[in-house]
Amino acid sequence: MRVLVIEDNNDIATNIGDYLEERGHVVDFAGDGVTGLHLAIVHDFDVIVLDLTLPGMDGLEVCRKLRHEADKSTPVLMLTARDTLEHKLTGFDSGADDYMTKPFALQELGVRIEVLARRSKGPKSRLLKVADLTYNLDALTVNRAGKDILLNPIGLKLLQVLMEASPSVVTRHQLEQYVWGEQLPDSDSLRVHIHGLRTLIDKPFDKPLIHTRHGIGYRMGDTDASLSA
């Protein structure tokens, strides 16, 4: 996933960039509104993280020009220290898709970015594909290398999250919350279900797709397991 961060605070921009790059995303930066708008128009990004208060041109104007003059529909996540309802409504009215108030947790920012990227894909995202593995979200059918694979509901949920995030890492907490919500299971449940998923998705085939990042979570990708350990 390619993300454009338009933020004039170098510390905040660096923290966001480091966090996203560690998860396999490509990040471009702009420190002012004019440069940010230019990059957003001439390049294709999956998501734009846009600060509201910028030199040269503020975030509201950047978003308006992006939507109404450049006719770009790239999802925009707006960042601001202003937390009143009026400011939020103004941000959405300018064309923003989501809104986060500073200070914020980088983990939440990452999840929101991934959600915006998935939504922007529209109907095309109904068929997920990683290497020779496909998952039809409408028919709930899974196939790898021409072989149909039957998964239980939890296995299907885990597979969807991992495939949608691929090749990024999904944390254990994110997986548990997606599958079980606030009613989190005992500590071994996720490990047991991941093992069951690997038994069906990976073991019958020459190359594993599900990889463990020890102490963090799991990722799915067409790379050697040693590269993601």
# chains A, B, ... in the order shown; residues from 1 in each chain; ligands from 1

$ select_by_dssp --residues "stretch 18-118 of chain A" --states "helix (DSSP H, G or I)" --output "NGL selection string"
:A and (18-22 or 33-42 or 59-69 or 85-93 or 106-118)

$ closest_atom_pairs --of "stretch 112-212 of chain A" --to "stretch 21-27 of chain A" --cutoff "9 Å" --atoms "only C-alpha atoms" --output "JSON lines"
{"residue": "A:Ser166", "atom": "CA", "partner": "A:Gly24", "partner_atom": "CA", "distance": 8.9}
{"residue": "A:Pro167", "atom": "CA", "partner": "A:Gly24", "partner_atom": "CA", "distance": 6.7}
{"residue": "A:Ser168", "atom": "CA", "partner": "A:Arg23", "partner_atom": "CA", "distance": 5.0}
{"residue": "A:Val169", "atom": "CA", "partner": "A:Arg23", "partner_atom": "CA", "distance": 5.8}
{"residue": "A:Val170", "atom": "CA", "partner": "A:Arg23", "partner_atom": "CA", "distance": 8.7}

$ residues_around --residues "stretch 108-117 of chain A" --least-positions-apart "3" --cutoff "6 Å" --atoms "only C-alpha atoms" --output "list in words"
Asp46, Ala105 and Ser120 of chain A

$ residues_around --residues "A:Leu200" --least-positions-apart "2" --cutoff "10 Å" --atoms "only C-alpha atoms" --output "ChimeraX atom specification"
/A:144,149-151,155,195-198,202-205

$ write_last_selection --atoms "all heavy atoms" --output "CSV table (one decimal), in the first residue's frame"
chain,number,residue,atom,x,y,z
A,144,ARG,N,-6.8,-22.9,-3.5
A,144,ARG,CA,-5.3,-22.7,-3.7
A,144,ARG,C,-4.8,-23.7,-4.7
A,144,ARG,O,-5.0,-24.9,-4.6
A,144,ARG,CB,-4.6,-22.9,-2.4
A,144,ARG,CG,-3.1,-22.6,-2.6
A,144,ARG,CD,-2.3,-22.6,-1.3
A,144,ARG,NE,-0.9,-22.2,-1.7
A,144,ARG,CZ,0.1,-22.2,-0.8
A,144,ARG,NH1,-0.1,-22.5,0.5
A,144,ARG,NH2,1.4,-21.9,-1.2
A,149,ILE,N,-10.7,-25.5,-0.7
A,149,ILE,CA,-10.4,-25.7,0.7
A,149,ILE,C,-11.6,-25.2,1.5
A,149,ILE,O,-12.1,-24.1,1.4
A,149,ILE,CB,-9.1,-24.8,1.1
A,149,ILE,CG1,-7.9,-25.2,0.3
A,149,ILE,CG2,-8.9,-24.9,2.6
A,149,ILE,CD1,-6.7,-24.3,0.4
A,150,LEU,N,-12.0,-26.1,2.4
A,150,LEU,CA,-13.2,-25.8,3.3
A,150,LEU,C,-12.7,-25.3,4.6
A,150,LEU,O,-11.9,-26.0,5.3
A,150,LEU,CB,-14.0,-27.1,3.5
A,150,LEU,CG,-14.7,-27.7,2.2
A,150,LEU,CD1,-15.5,-28.9,2.5
A,150,LEU,CD2,-15.6,-26.6,1.6
A,151,LEU,N,-13.2,-24.1,5.0
A,151,LEU,CA,-12.8,-23.5,6.3
A,151,LEU,C,-14.0,-23.2,7.1
A,151,LEU,O,-15.1,-23.0,6.6
A,151,LEU,CB,-12.0,-22.2,6.0
A,151,LEU,CG,-10.7,-22.2,5.3
A,151,LEU,CD1,-10.2,-20.8,5.1
A,151,LEU,CD2,-9.7,-23.1,6.0
A,155,GLY,N,-12.0,-19.6,10.7
A,155,GLY,CA,-10.9,-19.7,9.7
A,155,GLY,C,-11.1,-18.7,8.6
A,155,GLY,O,-10.2,-18.1,8.1
A,195,HIS,N,-3.1,-22.4,13.7
A,195,HIS,CA,-2.6,-23.7,13.4
A,195,HIS,C,-3.5,-24.5,12.5
A,195,HIS,O,-3.1,-25.1,11.5
A,195,HIS,CB,-2.3,-24.5,14.7
A,195,HIS,CG,-1.9,-25.9,14.5
A,195,HIS,ND1,-0.6,-26.2,14.1
A,195,HIS,CD2,-2.5,-27.1,14.5
A,195,HIS,CE1,-0.5,-27.5,13.9
A,195,HIS,NE2,-1.6,-28.1,14.2
A,196,GLY,N,-4.8,-24.4,12.8
A,196,GLY,CA,-5.8,-25.1,11.9
A,196,GLY,C,-5.8,-24.5,10.5
A,196,GLY,O,-5.9,-25.2,9.5
A,197,LEU,N,-5.7,-23.2,10.4
A,197,LEU,CA,-5.7,-22.5,9.1
A,197,LEU,C,-4.4,-22.9,8.3
A,197,LEU,O,-4.5,-23.2,7.1
A,197,LEU,CB,-5.7,-21.0,9.3
A,197,LEU,CG,-5.9,-20.1,8.1
A,197,LEU,CD1,-7.2,-20.4,7.5
A,197,LEU,CD2,-5.8,-18.7,8.5
A,198,ARG,N,-3.3,-23.0,9.0
A,198,ARG,CA,-2.1,-23.4,8.3
A,198,ARG,C,-2.1,-24.9,7.8
A,198,ARG,O,-1.6,-25.2,6.8
A,198,ARG,CB,-0.9,-23.3,9.3
A,198,ARG,CG,-0.3,-21.9,9.4
A,198,ARG,CD,0.9,-21.8,10.3
A,198,ARG,NE,1.7,-20.7,10.1
A,198,ARG,CZ,2.2,-20.0,11.1
A,198,ARG,NH1,2.0,-20.3,12.3
A,198,ARG,NH2,3.0,-18.9,10.8
A,202,ASP,N,-1.5,-24.2,4.1
A,202,ASP,CA,-0.1,-24.3,3.8
A,202,ASP,C,0.4,-25.7,3.7
A,202,ASP,O,1.2,-26.1,2.8
A,202,ASP,CB,0.7,-23.6,4.9
A,202,ASP,CG,0.7,-22.1,4.7
A,202,ASP,OD1,0.3,-21.6,3.6
A,202,ASP,OD2,1.1,-21.3,5.7
A,203,LYS,N,0.1,-26.6,4.7
A,203,LYS,CA,0.7,-27.9,4.8
A,203,LYS,C,0.6,-28.8,3.5
A,203,LYS,O,1.6,-29.5,3.1
A,203,LYS,CB,0.3,-28.7,6.0
A,203,LYS,CG,0.8,-28.1,7.3
A,203,LYS,CD,0.5,-29.0,8.5
A,203,LYS,CE,1.2,-28.4,9.7
A,203,LYS,NZ,0.9,-29.2,10.9
A,204,PRO,N,-0.5,-28.8,2.8
A,204,PRO,CA,-0.6,-29.6,1.6
A,204,PRO,C,0.2,-29.1,0.4
A,204,PRO,O,0.2,-29.7,-0.6
A,204,PRO,CB,-2.1,-29.6,1.3
A,204,PRO,CG,-2.8,-29.1,2.5
A,204,PRO,CD,-1.8,-28.2,3.1
A,205,PHE,N,0.8,-27.9,0.6
A,205,PHE,CA,1.5,-27.3,-0.6
A,205,PHE,C,2.9,-27.0,-0.3
A,205,PHE,O,3.4,-27.1,0.8
A,205,PHE,CB,0.8,-25.9,-0.9
A,205,PHE,CG,-0.7,-26.1,-1.1
A,205,PHE,CD1,-1.6,-25.9,-0.1
A,205,PHE,CD2,-1.2,-26.4,-2.4
A,205,PHE,CE1,-3.0,-26.1,-0.3
A,205,PHE,CE2,-2.5,-26.6,-2.6
A,205,PHE,CZ,-3.5,-26.4,-1.6

$ closest_residue --among "A:Leu158, A:Leu52, A:Val5, A:Val47" --to "A:Gly31" --atoms "only C-alpha atoms"
A:Val5

$ closest_residue --among "A:Leu209, A:Leu39, A:Leu4, A:Ala13" --to "A:Thr223" --atoms "only C-alpha atoms"
A:Leu209

$ closest_residue --among "A:Asn136, A:Thr141, A:Thr35, A:Thr80" --to "A:Pro103" --atoms "only C-alpha atoms"
A:Thr80

$ atom_distance --atom1 "atom CA of A:Asp98" --atom2 "atom CA of A:Glu61"
16.0 Å

$ residues_around --residues "A:Lys102" --least-positions-apart "5" --cutoff "9 Å" --atoms "only C-alpha atoms" --output "list of chain:residue names"
A:Leu79, A:Thr80, A:Ala81, A:Arg82, A:Asp83

$ closest_residue --among "A:Arg213, A:Lys88, A:Arg118, A:Arg219" --to "A:Pro75" --atoms "only C-alpha atoms"
A:Arg118

$ atom_distance --atom1 "atom CA of A:Asn10" --atom2 "atom CA of A:Leu50"
13.5 Å

$ residues_around --residues "A:Ser73" --least-positions-apart "6" --cutoff "12 Å" --atoms "only C-alpha atoms" --output "list in words"
Ala40, Ile41, Asp44, Phe45, Asp46, Val47, Ile48, Cys63, Arg64, Lys65, Leu66, Arg67, Gly95, Ala96, Asp97, Leu116, Ala117, Arg119, Ser120 and Lys121 of chain A

$ residues_around --residues "A:Leu159" --least-positions-apart "3" --cutoff "10 Å" --atoms "only C-alpha atoms" --output "list in words"
Leu128, Tyr135, Val142, Leu151, Pro153, Ile154, Gly155, Leu156, Leu162, Met163, Glu164, Ala165, Leu175, Ile194, Leu197, Ile201, Ile210 and Met220 of chain A

$ atom_distance --atom1 "atom CA of A:His68" --atom2 "atom CA of A:Phe92"
13.8 Å

$ closest_residue --among "A:Ala70, A:Leu137, A:Val76, A:Leu60" --to "A:Leu89" --atoms "only C-alpha atoms"
A:Leu60

$ closest_residue --among "A:Val161, A:Val3, A:Leu54, A:Leu37" --to "A:Ile16" --atoms "only C-alpha atoms"
A:Val3

$ decode --residues "stretch 179-211 of chain A" --atoms "N, CA and C atoms" --output "compact mmCIF listing (two decimals), in the first residue's frame"
# COMPACT_ATOMS: atom_id res chain seq x y z
N VAL A 179 -12.23 -11.15 15.11
CA VAL A 179 -12.95 -12.43 15.16
C VAL A 179 -13.91 -12.49 16.34
N TRP A 180 -13.46 -12.05 17.51
CA TRP A 180 -14.27 -12.24 18.71
C TRP A 180 -14.81 -10.94 19.31
N GLY A 181 -14.43 -9.79 18.76
CA GLY A 181 -14.92 -8.54 19.31
C GLY A 181 -14.37 -8.29 20.70
N GLU A 182 -15.21 -7.77 21.58
CA GLU A 182 -14.78 -7.47 22.94
C GLU A 182 -14.76 -8.71 23.83
N GLN A 183 -15.40 -9.79 23.40
CA GLN A 183 -15.42 -11.03 24.17
C GLN A 183 -14.21 -11.88 23.79
N LEU A 184 -13.05 -11.43 24.23
CA LEU A 184 -11.81 -12.09 23.82
C LEU A 184 -11.71 -13.49 24.43
N PRO A 185 -11.19 -14.46 23.68
CA PRO A 185 -11.08 -15.84 24.16
C PRO A 185 -9.85 -15.99 25.04
N ASP A 186 -9.58 -17.24 25.49
CA ASP A 186 -8.36 -17.47 26.25
C ASP A 186 -7.15 -17.31 25.34
N SER A 187 -5.98 -17.24 25.95
CA SER A 187 -4.77 -16.85 25.22
C SER A 187 -4.36 -17.84 24.15
N ASP A 188 -4.81 -19.09 24.23
CA ASP A 188 -4.39 -20.10 23.26
C ASP A 188 -5.32 -20.21 22.05
N SER A 189 -6.49 -19.60 22.12
CA SER A 189 -7.48 -19.80 21.06
C SER A 189 -6.98 -19.33 19.69
N LEU A 190 -6.40 -18.15 19.63
CA LEU A 190 -5.91 -17.66 18.34
C LEU A 190 -4.84 -18.57 17.78
N ARG A 191 -3.91 -18.99 18.62
CA ARG A 191 -2.84 -19.88 18.16
C ARG A 191 -3.40 -21.18 17.61
N VAL A 192 -4.42 -21.73 18.28
CA VAL A 192 -5.03 -22.98 17.82
C VAL A 192 -5.69 -22.78 16.46
N HIS A 193 -6.40 -21.68 16.27
CA HIS A 193 -7.09 -21.46 15.00
C HIS A 193 -6.10 -21.14 13.87
N ILE A 194 -5.02 -20.44 14.19
CA ILE A 194 -3.99 -20.19 13.17
C ILE A 194 -3.36 -21.51 12.76
N HIS A 195 -3.12 -22.39 13.73
CA HIS A 195 -2.56 -23.71 13.41
C HIS A 195 -3.50 -24.48 12.49
N GLY A 196 -4.80 -24.42 12.78
CA GLY A 196 -5.76 -25.10 11.93
C GLY A 196 -5.80 -24.51 10.53
N LEU A 197 -5.66 -23.19 10.44
CA LEU A 197 -5.65 -22.53 9.13
C LEU A 197 -4.42 -22.94 8.34
N ARG A 198 -3.28 -23.00 9.00
CA ARG A 198 -2.05 -23.43 8.33
C ARG A 198 -2.15 -24.88 7.84
N THR A 199 -2.81 -25.72 8.63
CA THR A 199 -2.95 -27.13 8.26
C THR A 199 -3.65 -27.27 6.91
N LEU A 200 -4.63 -26.39 6.66
CA LEU A 200 -5.40 -26.48 5.42
C LEU A 200 -4.81 -25.63 4.30
N ILE A 201 -4.28 -24.45 4.65
CA ILE A 201 -3.81 -23.50 3.63
C ILE A 201 -2.38 -23.80 3.19
N ASP A 202 -1.52 -24.20 4.13
CA ASP A 202 -0.10 -24.31 3.83
C ASP A 202 0.44 -25.74 3.72
N LYS A 203 0.09 -26.60 4.66
CA LYS A 203 0.75 -27.90 4.75
C LYS A 203 0.61 -28.77 3.50
N PRO A 204 -0.51 -28.76 2.79
CA PRO A 204 -0.60 -29.60 1.60
C PRO A 204 0.19 -29.06 0.40
N PHE A 205 0.81 -27.91 0.56
CA PHE A 205 1.45 -27.25 -0.57
C PHE A 205 2.94 -27.04 -0.30
N ASP A 206 3.69 -26.77 -1.36
CA ASP A 206 5.14 -26.67 -1.25
C ASP A 206 5.59 -25.42 -0.51
N LYS A 207 4.86 -24.32 -0.66
CA LYS A 207 5.32 -23.04 -0.13
C LYS A 207 4.33 -22.47 0.87
N PRO A 208 4.76 -22.17 2.09
CA PRO A 208 3.84 -21.57 3.07
C PRO A 208 3.52 -20.12 2.74
N LEU A 209 2.30 -19.72 3.05
CA LEU A 209 1.88 -18.33 2.84
C LEU A 209 1.68 -17.58 4.15
N ILE A 210 1.41 -18.30 5.23
CA ILE A 210 1.17 -17.68 6.53
C ILE A 210 2.47 -17.70 7.32
N HIS A 211 2.92 -16.52 7.74
CA HIS A 211 4.19 -16.40 8.44
C HIS A 211 3.99 -15.72 9.79
